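> Got a structure for you, entry_33.cif, holding mmCIF, C-alpha atoms.
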data_protein
#
loop_
_atom_site.group_PDB
_atom_site.id
_atom_site.type_symbol
_atom_site.label_atom_id
_atom_site.label_comp_id
_atom_site.auth_asym_id
_atom_site.auth_seq_id
_atom_site.Cartn_x
_atom_site.Cartn_y
_atom_site.Cartn_z
ATOM 1 C CA MET O 1 0.000 0.000 0.000
ATOM 2 C CA ALA O 2 1.387 3.386 -1.018
ATOM 3 C CA PRO O 3 2.114 5.772 1.828
ATOM 4 C CA LYS O 4 -0.511 8.428 2.381
ATOM 5 C CA LYS O 5 0.672 11.805 1.197
ATOM 6 C CA LEU O 6 -0.280 15.388 1.896
ATOM 7 C CA GLU O 7 0.721 18.473 -0.049
ATOM 8 C CA ILE O 8 2.147 21.062 2.302
ATOM 9 C CA THR O 9 3.013 24.563 1.169
ATOM 10 C CA VAL O 10 6.220 25.548 2.922
ATOM 11 C CA VAL O 11 7.051 29.248 2.891
ATOM 12 C CA VAL O 12 10.850 29.382 3.052
ATOM 13 C CA ASN O 13 12.018 32.835 4.152
ATOM 14 C CA GLY O 14 8.916 34.209 2.417
ATOM 15 C CA GLN O 15 9.100 32.060 -0.729
ATOM 16 C CA PRO O 16 6.371 29.396 -1.048
ATOM 17 C CA THR O 17 7.068 25.903 -2.351
ATOM 18 C CA ALA O 18 4.832 22.819 -2.440
ATOM 19 C CA VAL O 19 6.148 19.653 -0.752
ATOM 20 C CA ASP O 20 4.573 16.212 -1.137
ATOM 21 C CA ALA O 21 4.898 14.869 2.385
ATOM 22 C CA GLU O 22 4.397 11.302 3.583
ATOM 23 C CA GLU O 23 2.050 11.544 6.548
ATOM 24 C CA SER O 24 3.780 8.741 8.438
ATOM 25 C CA ARG O 25 7.127 10.538 8.467
ATOM 26 C CA PRO O 26 8.329 13.115 10.989
ATOM 27 C CA LEU O 27 7.521 16.717 10.150
ATOM 28 C CA GLU O 28 11.217 17.554 9.937
ATOM 29 C CA SER O 29 11.436 15.359 6.819
ATOM 30 C CA ILE O 30 9.905 18.155 4.742
ATOM 31 C CA VAL O 31 12.608 20.669 5.708
ATOM 32 C CA PRO O 32 15.476 19.489 3.454
ATOM 33 C CA ILE O 33 13.025 19.051 0.568
ATOM 34 C CA ALA O 34 11.702 22.605 0.931
ATOM 35 C CA LEU O 35 15.224 23.997 1.214
ATOM 36 C CA GLU O 36 16.363 22.152 -1.881
ATOM 37 C CA GLN O 37 13.351 23.251 -3.902
ATOM 38 C CA THR O 38 13.946 26.905 -3.000
ATOM 39 C CA HIS O 39 17.734 26.690 -3.502
ATOM 40 C CA ASN O 40 18.449 27.739 0.063
ATOM 41 C CA THR O 41 21.893 26.357 0.590
ATOM 42 C CA GLY O 42 24.675 26.779 3.080
ATOM 43 C CA GLN O 43 22.858 26.129 6.355
ATOM 44 C CA PRO O 44 21.874 22.663 7.655
ATOM 45 C CA PRO O 45 18.173 21.861 8.283
ATOM 46 C CA SER O 46 18.799 22.102 12.044
ATOM 47 C CA ASN O 47 19.403 25.846 11.644
ATOM 48 C CA TRP O 48 15.865 26.361 10.379
ATOM 49 C CA GLU O 49 12.644 26.668 12.349
ATOM 50 C CA LEU O 50 9.209 25.513 11.220
ATOM 51 C CA ARG O 51 6.087 27.344 12.397
ATOM 52 C CA ASP O 52 2.384 27.295 11.717
ATOM 53 C CA SER O 53 0.471 30.310 10.435
ATOM 54 C CA ALA O 54 -0.072 31.527 14.002
ATOM 55 C CA GLY O 55 3.689 31.654 14.494
ATOM 56 C CA GLU O 56 3.895 28.702 16.898
ATOM 57 C CA VAL O 57 6.994 26.532 16.574
ATOM 58 C CA LEU O 58 6.151 22.981 15.460
ATOM 59 C CA ASP O 59 7.799 19.863 16.847
ATOM 60 C CA GLY O 60 9.712 18.345 13.949
ATOM 61 C CA ASP O 61 10.005 14.967 15.651
ATOM 62 C CA LYS O 62 6.251 14.335 15.559
ATOM 63 C CA GLU O 63 4.747 12.452 12.655
ATOM 64 C CA ILE O 64 2.932 14.618 10.139
ATOM 65 C CA HIS O 65 -0.463 12.926 10.546
ATOM 66 C CA THR O 66 -0.514 13.818 14.257
ATOM 67 C CA PHE O 67 -0.850 17.517 13.417
ATOM 68 C CA HIS O 68 -4.148 16.938 11.537
ATOM 69 C CA PHE O 69 -3.210 19.550 8.967
ATOM 70 C CA PRO O 70 -6.107 20.579 6.707
ATOM 71 C CA PRO O 71 -5.710 20.380 2.914
ATOM 72 C CA GLY O 72 -3.845 23.417 1.593
ATOM 73 C CA VAL O 73 -2.004 23.964 4.878
ATOM 74 C CA ARG O 74 0.777 26.524 4.805
ATOM 75 C CA LEU O 75 3.804 26.298 7.102
ATOM 76 C CA PHE O 76 6.602 28.816 7.534
ATOM 77 C CA LEU O 77 10.282 27.854 7.504
ATOM 78 C CA ASN O 78 12.716 30.538 8.587
ATOM 79 C CA LEU O 79 16.401 30.664 9.364
ATOM 80 C CA LYS O 80 17.099 30.842 13.097
ATOM 81 C CA ALA O 81 18.846 33.866 14.559
ATOM 82 C CA GLY O 82 22.192 32.104 14.988
ATOM 83 C CA VAL O 83 24.752 33.353 17.450
ATOM 84 C CA GLY O 84 24.412 37.076 18.006
ATOM 85 C CA GLY O 85 26.290 39.652 20.011
ATOM 86 C CA MET I 1 22.466 56.547 4.116
ATOM 87 C CA GLU I 2 24.661 54.214 2.082
ATOM 88 C CA ALA I 3 25.367 55.161 -1.556
ATOM 89 C CA GLN I 4 24.109 52.757 -4.223
ATOM 90 C CA PHE I 5 27.195 51.305 -5.906
ATOM 91 C CA THR I 6 25.809 48.090 -7.347
ATOM 92 C CA ASP I 7 23.605 48.128 -10.436
ATOM 93 C CA PRO I 8 20.455 49.854 -9.116
ATOM 94 C CA GLU I 9 18.246 47.850 -11.480
ATOM 95 C CA VAL I 10 19.485 44.584 -9.945
ATOM 96 C CA SER I 11 18.954 45.767 -6.372
ATOM 97 C CA LYS I 12 15.571 47.191 -7.275
ATOM 98 C CA ALA I 13 14.457 43.951 -8.958
ATOM 99 C CA LYS I 14 15.479 41.939 -5.879
ATOM 100 C CA PHE I 15 13.733 44.407 -3.600
ATOM 101 C CA GLU I 16 10.548 44.246 -5.653
ATOM 102 C CA SER I 17 10.677 40.458 -5.613
ATOM 103 C CA GLU I 18 10.881 40.569 -1.809
ATOM 104 C CA ILE I 19 7.911 42.904 -1.594
ATOM 105 C CA SER I 20 5.886 40.979 -4.155
ATOM 106 C CA GLN I 21 6.370 37.698 -2.264
ATOM 107 C CA TYR I 22 5.495 39.436 0.983
ATOM 108 C CA ARG I 23 2.276 40.807 -0.483
ATOM 109 C CA GLU I 24 1.225 37.352 -1.730
ATOM 110 C CA LEU I 25 1.057 36.219 1.893
ATOM 111 C CA ALA I 26 0.140 39.559 3.432
ATOM 112 C CA ALA I 27 -3.005 38.129 5.031
ATOM 113 C CA ASP I 28 -0.948 35.533 6.940
ATOM 114 C CA TYR I 29 1.498 38.177 8.101
ATOM 115 C CA CYS I 30 -1.335 40.521 9.045
ATOM 116 C CA ALA I 31 -2.723 37.783 11.320
ATOM 117 C CA ARG I 32 0.628 37.762 13.100
ATOM 118 C CA GLY I 33 0.447 41.534 13.495
ATOM 119 C CA TRP I 34 2.757 42.618 10.648
ATOM 120 C CA PHE I 35 1.666 45.517 8.460
ATOM 121 C CA LEU I 36 3.717 46.618 5.462
ATOM 122 C CA THR I 37 3.198 50.381 5.380
ATOM 123 C CA GLU I 38 5.953 51.531 3.018
ATOM 124 C CA ALA I 39 7.692 49.826 0.127
ATOM 125 C CA SER I 40 9.541 52.173 -2.168
ATOM 126 C CA PHE I 41 13.033 51.080 -3.207
ATOM 127 C CA PRO I 42 15.243 50.879 -1.223
ATOM 128 C CA ILE I 43 13.091 51.398 1.888
ATOM 129 C CA ALA I 44 10.441 49.116 3.357
ATOM 130 C CA THR I 45 8.708 49.723 6.660
ATOM 131 C CA VAL I 46 6.697 47.131 8.569
ATOM 132 C CA LEU I 47 4.762 47.828 11.741
ATOM 133 C CA ILE I 48 4.585 45.023 14.299
ATOM 134 C CA ALA I 49 1.509 44.820 16.485
ATOM 135 C CA LEU I 50 0.547 42.448 19.283
ATOM 136 C CA PRO I 51 -2.777 40.879 18.275
ATOM 137 C CA GLN I 52 -2.585 38.527 21.262
ATOM 138 C CA LEU I 53 -3.352 41.432 23.607
ATOM 139 C CA ASN I 54 -6.767 42.979 24.152
ATOM 140 C CA PRO I 55 -6.769 45.772 23.150
ATOM 141 C CA PRO I 56 -4.025 45.052 20.604
ATOM 142 C CA VAL I 57 -0.874 47.129 20.870
ATOM 143 C CA LEU I 58 1.422 48.576 18.229
ATOM 144 C CA LEU I 59 4.869 47.469 19.425
ATOM 145 C CA THR I 60 7.365 48.918 16.982
ATOM 146 C CA GLY I 61 8.102 49.810 13.413
ATOM 147 C CA VAL I 62 10.917 48.105 11.503
ATOM 148 C CA ARG I 63 12.685 50.009 8.776
ATOM 149 C CA PHE I 64 14.647 48.072 6.156
ATOM 150 C CA ASP I 65 17.087 49.714 3.765
ATOM 151 C CA TYR I 66 17.840 47.441 0.810
ATOM 152 C CA THR I 67 20.420 49.721 -0.841
ATOM 153 C CA ASN I 68 22.950 47.533 -2.729
ATOM 154 C CA TYR I 69 20.995 44.339 -1.984
ATOM 155 C CA ASP I 70 22.077 41.623 -2.199
ATOM 156 C CA ALA I 71 25.704 42.496 -2.793
ATOM 157 C CA ARG I 72 25.271 43.942 0.694
ATOM 158 C CA PRO I 73 22.814 42.929 3.406
ATOM 159 C CA PRO I 74 19.943 45.218 4.368
ATOM 160 C CA SER I 75 20.159 47.754 7.156
ATOM 161 C CA VAL I 76 17.564 47.174 9.880
ATOM 162 C CA GLN I 77 16.354 49.678 12.472
ATOM 163 C CA LEU I 78 13.543 49.626 14.983
ATOM 164 C CA VAL I 79 11.631 52.875 14.539
ATOM 165 C CA ASN I 80 8.827 54.716 16.265
ATOM 166 C CA PRO I 81 5.725 53.504 14.380
ATOM 167 C CA PHE I 82 4.107 56.943 14.531
ATOM 168 C CA THR I 83 7.028 59.184 13.565
ATOM 169 C CA GLY I 84 9.386 56.816 11.741
ATOM 170 C CA GLU I 85 12.259 58.047 13.910
ATOM 171 C CA PRO I 86 14.772 55.341 14.849
ATOM 172 C CA TYR I 87 14.650 54.426 18.506
ATOM 173 C CA ARG I 88 17.692 55.174 20.574
ATOM 174 C CA HIS I 89 18.800 52.314 22.761
ATOM 175 C CA ARG I 90 17.210 53.766 25.901
ATOM 176 C CA GLU I 91 13.894 54.250 24.069
ATOM 177 C CA LEU I 92 13.526 50.722 22.684
ATOM 178 C CA PRO I 93 10.131 49.128 23.354
ATOM 179 C CA THR I 94 11.857 45.744 23.225
ATOM 180 C CA SER I 95 15.496 44.657 23.333
ATOM 181 C CA LEU I 96 14.719 41.324 21.634
ATOM 182 C CA ASN I 97 15.943 39.279 24.561
ATOM 183 C CA ARG I 98 17.153 35.813 23.826
ATOM 184 C CA ALA I 99 17.817 33.052 26.335
ATOM 185 C CA VAL I 100 21.249 31.516 25.823
ATOM 186 C CA PRO I 101 22.400 28.391 27.692
ATOM 187 C CA VAL I 102 25.593 28.778 29.706
ATOM 188 C CA PRO I 103 27.865 25.906 30.728
ATOM 189 C CA GLY I 104 26.286 24.000 33.584
ATOM 190 C CA ALA I 105 27.726 24.135 37.083
ATOM 191 C CA ALA I 106 28.493 20.801 38.746
ATOM 192 C CA ILE I 107 26.550 20.031 41.888
ATOM 193 C CA PRO I 108 28.844 19.058 44.796
ATOM 194 C CA GLY I 109 28.287 15.430 45.715
ATOM 195 C CA ALA I 110 26.158 14.688 42.672
ATOM 196 C CA PRO I 111 27.100 11.885 40.233
ATOM 197 C CA PRO I 112 29.312 12.881 37.303
ATOM 198 C CA GLY I 113 27.359 14.386 34.421
ATOM 199 C CA ILE I 114 24.733 15.948 36.643
ATOM 200 C CA ALA I 115 24.939 19.719 36.444
ATOM 201 C CA ILE I 116 22.711 22.738 36.917
ATOM 202 C CA GLN I 117 21.473 23.953 33.567
ATOM 203 C CA MET I 118 21.494 27.748 33.469
ATOM 204 C CA LYS I 119 20.551 30.345 30.920
ATOM 205 C CA THR I 120 21.494 33.946 30.492
ATOM 206 C CA VAL I 121 19.628 36.637 28.590
ATOM 207 C CA GLN I 122 21.298 38.185 25.576
ATOM 208 C CA PRO I 123 19.621 41.196 23.940
ATOM 209 C CA LEU I 124 19.785 41.040 20.159
ATOM 210 C CA MET I 125 19.508 44.846 19.980
ATOM 211 C CA GLN I 126 22.980 46.128 20.729
ATOM 212 C CA ALA I 127 24.533 49.565 21.289
ATOM 213 C CA HIS I 128 27.538 50.904 23.149
ATOM 214 C CA ASP I 129 25.659 53.850 24.630
ATOM 215 C CA PRO I 130 22.034 54.443 25.696
ATOM 216 C CA ASP I 131 21.827 57.393 23.276
ATOM 217 C CA GLU I 132 23.085 55.417 20.281
ATOM 218 C CA ILE I 133 20.779 53.987 17.662
ATOM 219 C CA PRO I 134 21.051 50.251 18.316
ATOM 220 C CA PHE I 135 21.459 47.571 15.687
ATOM 221 C CA LEU I 136 20.048 44.088 15.295
ATOM 222 C CA CYS I 137 23.007 41.864 16.084
ATOM 223 C CA ILE I 138 22.458 38.862 13.845
ATOM 224 C CA ALA I 139 23.953 37.660 10.596
ATOM 225 C CA GLY I 140 22.048 38.983 7.603
ATOM 226 C CA VAL I 141 21.944 42.563 8.906
ATOM 227 C CA ARG I 142 24.278 45.214 7.461
ATOM 228 C CA GLU I 143 25.206 46.710 10.829
ATOM 229 C CA TYR I 144 26.174 43.268 12.152
ATOM 230 C CA HIS I 145 28.524 42.558 9.250
ATOM 231 C CA GLU I 146 30.017 46.088 9.418
ATOM 232 C CA HIS I 147 30.859 45.683 13.105
ATOM 233 C CA PRO I 148 34.590 44.987 13.617
ATOM 234 C CA GLY I 149 33.721 42.221 16.065
ATOM 235 C CA HIS I 150 32.095 40.245 13.268
ATOM 236 C CA SER I 151 34.757 40.602 10.599
ATOM 237 C CA GLY I 152 35.125 36.819 10.576
ATOM 238 C CA ASP I 153 31.480 36.262 9.717
ATOM 239 C CA ALA I 154 31.121 37.673 6.234
ATOM 240 C CA TRP I 155 27.775 38.398 4.590
ATOM 241 C CA GLU I 156 28.747 36.090 1.748
ATOM 242 C CA LEU I 157 28.540 33.134 4.163
ATOM 243 C CA HIS I 158 24.856 33.893 4.791
ATOM 244 C CA ARG I 159 23.581 35.397 1.557
ATOM 245 C CA ALA I 160 22.732 32.096 -0.155
ATOM 246 C CA CYS I 161 20.369 31.002 2.607
ATOM 247 C CA GLY I 162 18.319 34.184 2.511
ATOM 248 C CA ALA I 163 19.560 35.618 5.799
ATOM 249 C CA GLY I 164 18.751 39.149 4.624
ATOM 250 C CA ARG I 165 15.243 38.451 3.380
ATOM 251 C CA ILE I 166 12.540 40.616 4.841
ATOM 252 C CA VAL I 167 10.330 37.779 6.117
ATOM 253 C CA ARG I 168 13.246 36.044 7.799
ATOM 254 C CA LEU I 169 14.315 39.223 9.613
ATOM 255 C CA LEU I 170 10.744 39.994 10.638
ATOM 256 C CA ASP I 171 10.415 36.454 11.938
ATOM 257 C CA VAL I 172 13.434 36.943 14.217
ATOM 258 C CA ILE I 173 12.091 40.273 15.498
ATOM 259 C CA HIS I 174 8.680 38.705 16.037
ATOM 260 C CA LYS I 175 10.088 35.669 17.849
ATOM 261 C CA TYR I 176 12.172 37.645 20.336
ATOM 262 C CA GLY I 177 10.208 40.888 20.474
ATOM 263 C CA ALA I 178 6.506 40.298 19.936
ATOM 264 C CA ALA I 179 5.707 36.639 20.627
ATOM 265 C CA PRO I 180 6.989 36.556 24.237
ATOM 266 C CA ILE I 181 4.574 39.327 25.253
ATOM 267 C CA ARG I 182 1.483 37.493 26.481
ATOM 268 C CA GLU I 183 -0.268 40.016 28.704
ATOM 269 C CA PHE I 184 -0.225 43.573 30.008
ATOM 270 C CA GLN I 185 1.842 44.268 33.064
ATOM 271 C CA VAL I 186 0.467 46.823 35.485
ATOM 272 C CA ASN I 187 2.485 48.096 38.412
ATOM 273 C CA LEU I 188 0.475 49.756 41.146
ATOM 274 C CA VAL I 189 2.495 51.536 43.783
ATOM 275 C CA PRO I 190 0.376 52.299 46.858
ATOM 276 C CA GLN I 191 1.470 55.327 48.818
ATOM 277 C CA VAL I 192 0.696 55.631 52.477
ATOM 278 C CA GLY I 193 0.561 59.051 54.102
ATOM 279 C CA LEU I 194 -1.125 60.832 56.979
ATOM 280 C CA ALA I 195 -4.514 62.331 56.150
ATOM 281 C CA LEU I 196 -4.713 65.618 57.986
ATOM 282 C CA ASN I 197 -7.831 67.522 58.801
ATOM 283 C CA GLU I 198 -7.860 71.265 58.415
ATOM 284 C CA ALA I 199 -5.111 72.884 60.343
ATOM 285 C CA PRO I 200 -6.345 74.280 63.646
ATOM 286 C CA GLU I 201 -6.297 78.057 64.094
#
Once more with this new file: its structure as structure tokens, please.

Amino acid sequence: MAPKKLEITVVVNGQPTAVDAEESRPLESIVPIALEQTHNTGQPPSNWELRDSAGEVLDGDKEIHTFHFPPGVRLFLNLKAGVGG
Amino acid sequence: MEAQFTDPEVSKAKFESEISQYRELAADYCARGWFLTEASFPIATVLIALPQLNPPVLLTGVRFDYTNYDARPPSVQLVNPFTGEPYRHRELPTSLNRAVPVPGAAIPGAPPGIAIQMKTVQPLMQAHDPDEIPFLCIAGVREYHEHPGHSGDAWELHRACGAGRIVRLLDVIHKYGAAPIREFQVNLVPQVGLALNEAPE
């Protein structure tokens, strides 16, 4: 049986891209795909932060189906602040 | 203001692409409390409000200067949302405080590996003097890369991952400045004195 998939629009630093995500995989699995599709190179996936439209940080370790995302969901992936000062 | 030395058409096209992508998702950003109020190359201004409060509060304006983008990163200033004047350090409505872990202290008598986990607060808005206009001290911001203390962290190391993009910078300001504010804080200071009747003749 083919894995169940969900199309998630990931807005990477303001640039949207559609990712076909397997619902049984952890949410963090969509991060490298979204980065590759938007040609955001140079920083590892761990330096990025995924949020929902309300701005709440999402737990990348949880499986995608546990979030109960509606069709057409839009998530926001932004580069973390890094070391300042 | 920095002089434009790269091809202005290139910088302008990149700026307009930033603004165009922002406007496509303006409704999402509006729900977070971000309002784009000015976008005329090279300047963009976004006001950040706190929709989680009742009544909502206008926290700050953010002024971006995309001169020479993206050969150079944008300049970022927190500004008074009503006048557009940059805040001096002592006037800042938020210092964008960030919790940073510090090395744990060992507990006497505790098994090896057990330590107290501590955090310190590091403001991302930095200045050397309370009357200076502070800068946002993160990679992707012009003032950060111009600072002699960051000469080893060149803009070119961050440009390819969109560190200077407007949504990314707003997200950082939102995370450390707007999102942590959950309620109003009211300080009432009772004063106790002696209530005197009319002075006797």
> What are the residues of chain O that have an atom within 7 Å of an atom of chain I, counting all atoms listed in the file, as a PyMOL selection string?
chain O and resi 13-15+40-43+53-55+78-79+81-85
> Report, in Å to a single decimal, how far apart CA of Gly33 in chain I and CA of Thr17 in chain O are.
23.2 Å
> Can you list what the PyMOL selection byres ((chain O and resi 57-74) around 6) grabs from this structure, as a ChimeraX atom specification?
/O:8-10,23-28,50-51,56,75
> Kindly compute an axis-aligned box around the listed atoms of range 58-64 of chain O, allowing 3 Å on each side, and express its centre and edge lengths in Å to one decimal as lines of an AutoDock Vina configuration file.

center_x = 6.5
center_y = 17.7
center_z = 13.5
size_x = 13.1
size_y = 16.5
size_z = 12.7
> Taking all atoms listed in the file into account, which of O:Ser46, O:Ala2, O:Ala18, O:Asp52 comes nearest Ala34 in chain O?
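Answer, going by the shortest atom-to-atom distance: O:Ala18.
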> Assuming the chain letters and numbering stay as they are in my file, what does the PyMOL selection byres ((chain I and resi 14) around 10) actually select? List them as a list in words.
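On this input, the PyMOL selection byres ((chain I and resi 14) around 10) captures Pro8, Glu9, Val10, Ser11, Lys12, Ala13, Phe15, Glu16, Ser17, Glu18, Ile19, Ser20, Phe41, Tyr66, Asn68, Tyr69, Asp70 and Arg165 of chain I.
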> Can you tell me how far CA of Glu38 in chain I sits from CA of Tyr87 in chain I, in Å to one decimal?
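Pair CA of Glu38 in chain I / CA of Tyr87 in chain I returns 18.0 Å.
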> Please enumerate the residues selected by the PyMOL selection byres ((chain I and resi 181-189) around 8) when evaluated against the supplied file, formatted as a VMD selection string.
chain I and resid 50 52 to 53 177 to 180 190 to 191
> I need the chosen residues saved as a short mmCIF file (atom, residue, chain, number, x, y, z; two decimals), in the frame of the given file, with C-alpha atoms.

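The resulting selection33.cif:
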data_model
loop_
_atom_site.label_atom_id
_atom_site.label_comp_id
_atom_site.auth_asym_id
_atom_site.auth_seq_id
_atom_site.Cartn_x
_atom_site.Cartn_y
_atom_site.Cartn_z
CA LEU I 50 0.55 42.45 19.28
CA GLN I 52 -2.58 38.53 21.26
CA LEU I 53 -3.35 41.43 23.61
CA GLY I 177 10.21 40.89 20.47
CA ALA I 178 6.51 40.30 19.94
CA ALA I 179 5.71 36.64 20.63
CA PRO I 180 6.99 36.56 24.24
CA PRO I 190 0.38 52.30 46.86
CA GLN I 191 1.47 55.33 48.82
#
> Name all residues at most 10 Å from Val102 in chain I (count only C-alpha atoms; drop same-chain ones fewer than 4 positions away) and give them as a CSV table (one decimal) with C-alpha atoms, keeping the file's coordinate frame.

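Final output, saved to result_4.csv:
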chain,number,residue,atom,x,y,z
I,116,ILE,CA,22.7,22.7,36.9
I,117,GLN,CA,21.5,24.0,33.6
I,118,MET,CA,21.5,27.7,33.5
I,119,LYS,CA,20.6,30.3,30.9
I,120,THR,CA,21.5,33.9,30.5
I,121,VAL,CA,19.6,36.6,28.6
> Hey, what's within 10 Å of Pro93 in chain I if we count only C-alpha atoms and toss same-chain stuff fewer than 5 positions away? As JSON, numbers by chain, please?
{"I": [59, 60, 78, 79, 80, 87, 177]}
> Report the distance between CA of Gln77 in chain I and CA of Val141 in chain I in Å, rounded to one decimal place.
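Pair CA of Gln77 in chain I / CA of Val141 in chain I returns 9.7 Å.
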> With 12 Å as the threshold, what does the neighbourhood of (23.7, 56.1, 4.1) contain in terms of residues, counting only C-alpha atoms? Coordinates are those of the file; answer as a list in words.
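Residues satisfying the cut-off, written out: Met1, Glu2, Ala3, Gln4, Phe5, Pro42, Ile43, Asp65, Tyr66, Thr67, Asn68, Pro74, Ser75, Arg142 and Glu143 of chain I.
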> Here is a test: counting only C-alpha atoms, which residue of O:Ile33, O:His39, O:Leu77, O:Trp48 is nearest to Val12 in chain O?
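Smallest distance to Val12 in chain O is found for O:Leu77.
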> Generate the missing atoms of range 4-20 of chain I up to N, CA, C and O atoms and report them as a compact mmCIF listing (two decimals), in the frame of the given file.

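Contents of part24.txt, freshly written:
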# COMPACT_ATOMS: atom_id res chain seq x y z
N GLN I 4 24.36 53.94 -3.39
CA GLN I 4 24.11 52.76 -4.22
C GLN I 4 25.28 52.58 -5.18
O GLN I 4 25.51 53.43 -6.05
N PHE I 5 26.05 51.52 -5.01
CA PHE I 5 27.20 51.30 -5.91
C PHE I 5 27.03 50.06 -6.76
O PHE I 5 27.78 49.85 -7.69
N THR I 6 26.07 49.21 -6.44
CA THR I 6 25.81 48.09 -7.35
C THR I 6 24.77 48.56 -8.38
O THR I 6 24.17 49.62 -8.21
N ASP I 7 24.57 47.76 -9.41
CA ASP I 7 23.60 48.13 -10.44
C ASP I 7 22.24 48.35 -9.77
O ASP I 7 21.65 47.41 -9.22
N PRO I 8 21.71 49.58 -9.83
CA PRO I 8 20.45 49.85 -9.12
C PRO I 8 19.29 49.03 -9.65
O PRO I 8 18.37 48.69 -8.89
N GLU I 9 19.35 48.65 -10.93
CA GLU I 9 18.25 47.85 -11.48
C GLU I 9 18.22 46.46 -10.85
O GLU I 9 17.15 45.88 -10.64
N VAL I 10 19.40 45.92 -10.56
CA VAL I 10 19.48 44.58 -9.94
C VAL I 10 18.94 44.65 -8.51
O VAL I 10 18.09 43.84 -8.11
N SER I 11 19.43 45.64 -7.76
CA SER I 11 18.95 45.77 -6.37
C SER I 11 17.46 46.02 -6.34
O SER I 11 16.74 45.47 -5.49
N LYS I 12 16.99 46.85 -7.26
CA LYS I 12 15.57 47.19 -7.28
C LYS I 12 14.73 45.96 -7.62
O LYS I 12 13.68 45.72 -7.02
N ALA I 13 15.19 45.16 -8.58
CA ALA I 13 14.46 43.95 -8.96
C ALA I 13 14.38 42.98 -7.78
O ALA I 13 13.34 42.37 -7.52
N LYS I 14 15.47 42.84 -7.04
CA LYS I 14 15.48 41.94 -5.88
C LYS I 14 14.57 42.47 -4.78
O LYS I 14 13.86 41.71 -4.11
N PHE I 15 14.60 43.79 -4.60
CA PHE I 15 13.73 44.41 -3.60
C PHE I 15 12.26 44.18 -3.97
O PHE I 15 11.44 43.79 -3.13
N GLU I 16 11.94 44.40 -5.24
CA GLU I 16 10.55 44.25 -5.65
C GLU I 16 10.09 42.80 -5.57
O GLU I 16 8.91 42.53 -5.29
N SER I 17 11.01 41.87 -5.78
CA SER I 17 10.68 40.46 -5.61
C SER I 17 10.35 40.16 -4.14
O SER I 17 9.39 39.44 -3.83
N GLU I 18 11.15 40.73 -3.24
CA GLU I 18 10.88 40.57 -1.81
C GLU I 18 9.48 41.08 -1.46
O GLU I 18 8.70 40.40 -0.78
N ILE I 19 9.18 42.27 -1.94
CA ILE I 19 7.91 42.90 -1.59
C ILE I 19 6.75 42.15 -2.22
O ILE I 19 5.70 41.95 -1.60
N SER I 20 6.94 41.71 -3.46
CA SER I 20 5.89 40.98 -4.16
C SER I 20 5.56 39.68 -3.42
O SER I 20 4.39 39.33 -3.22
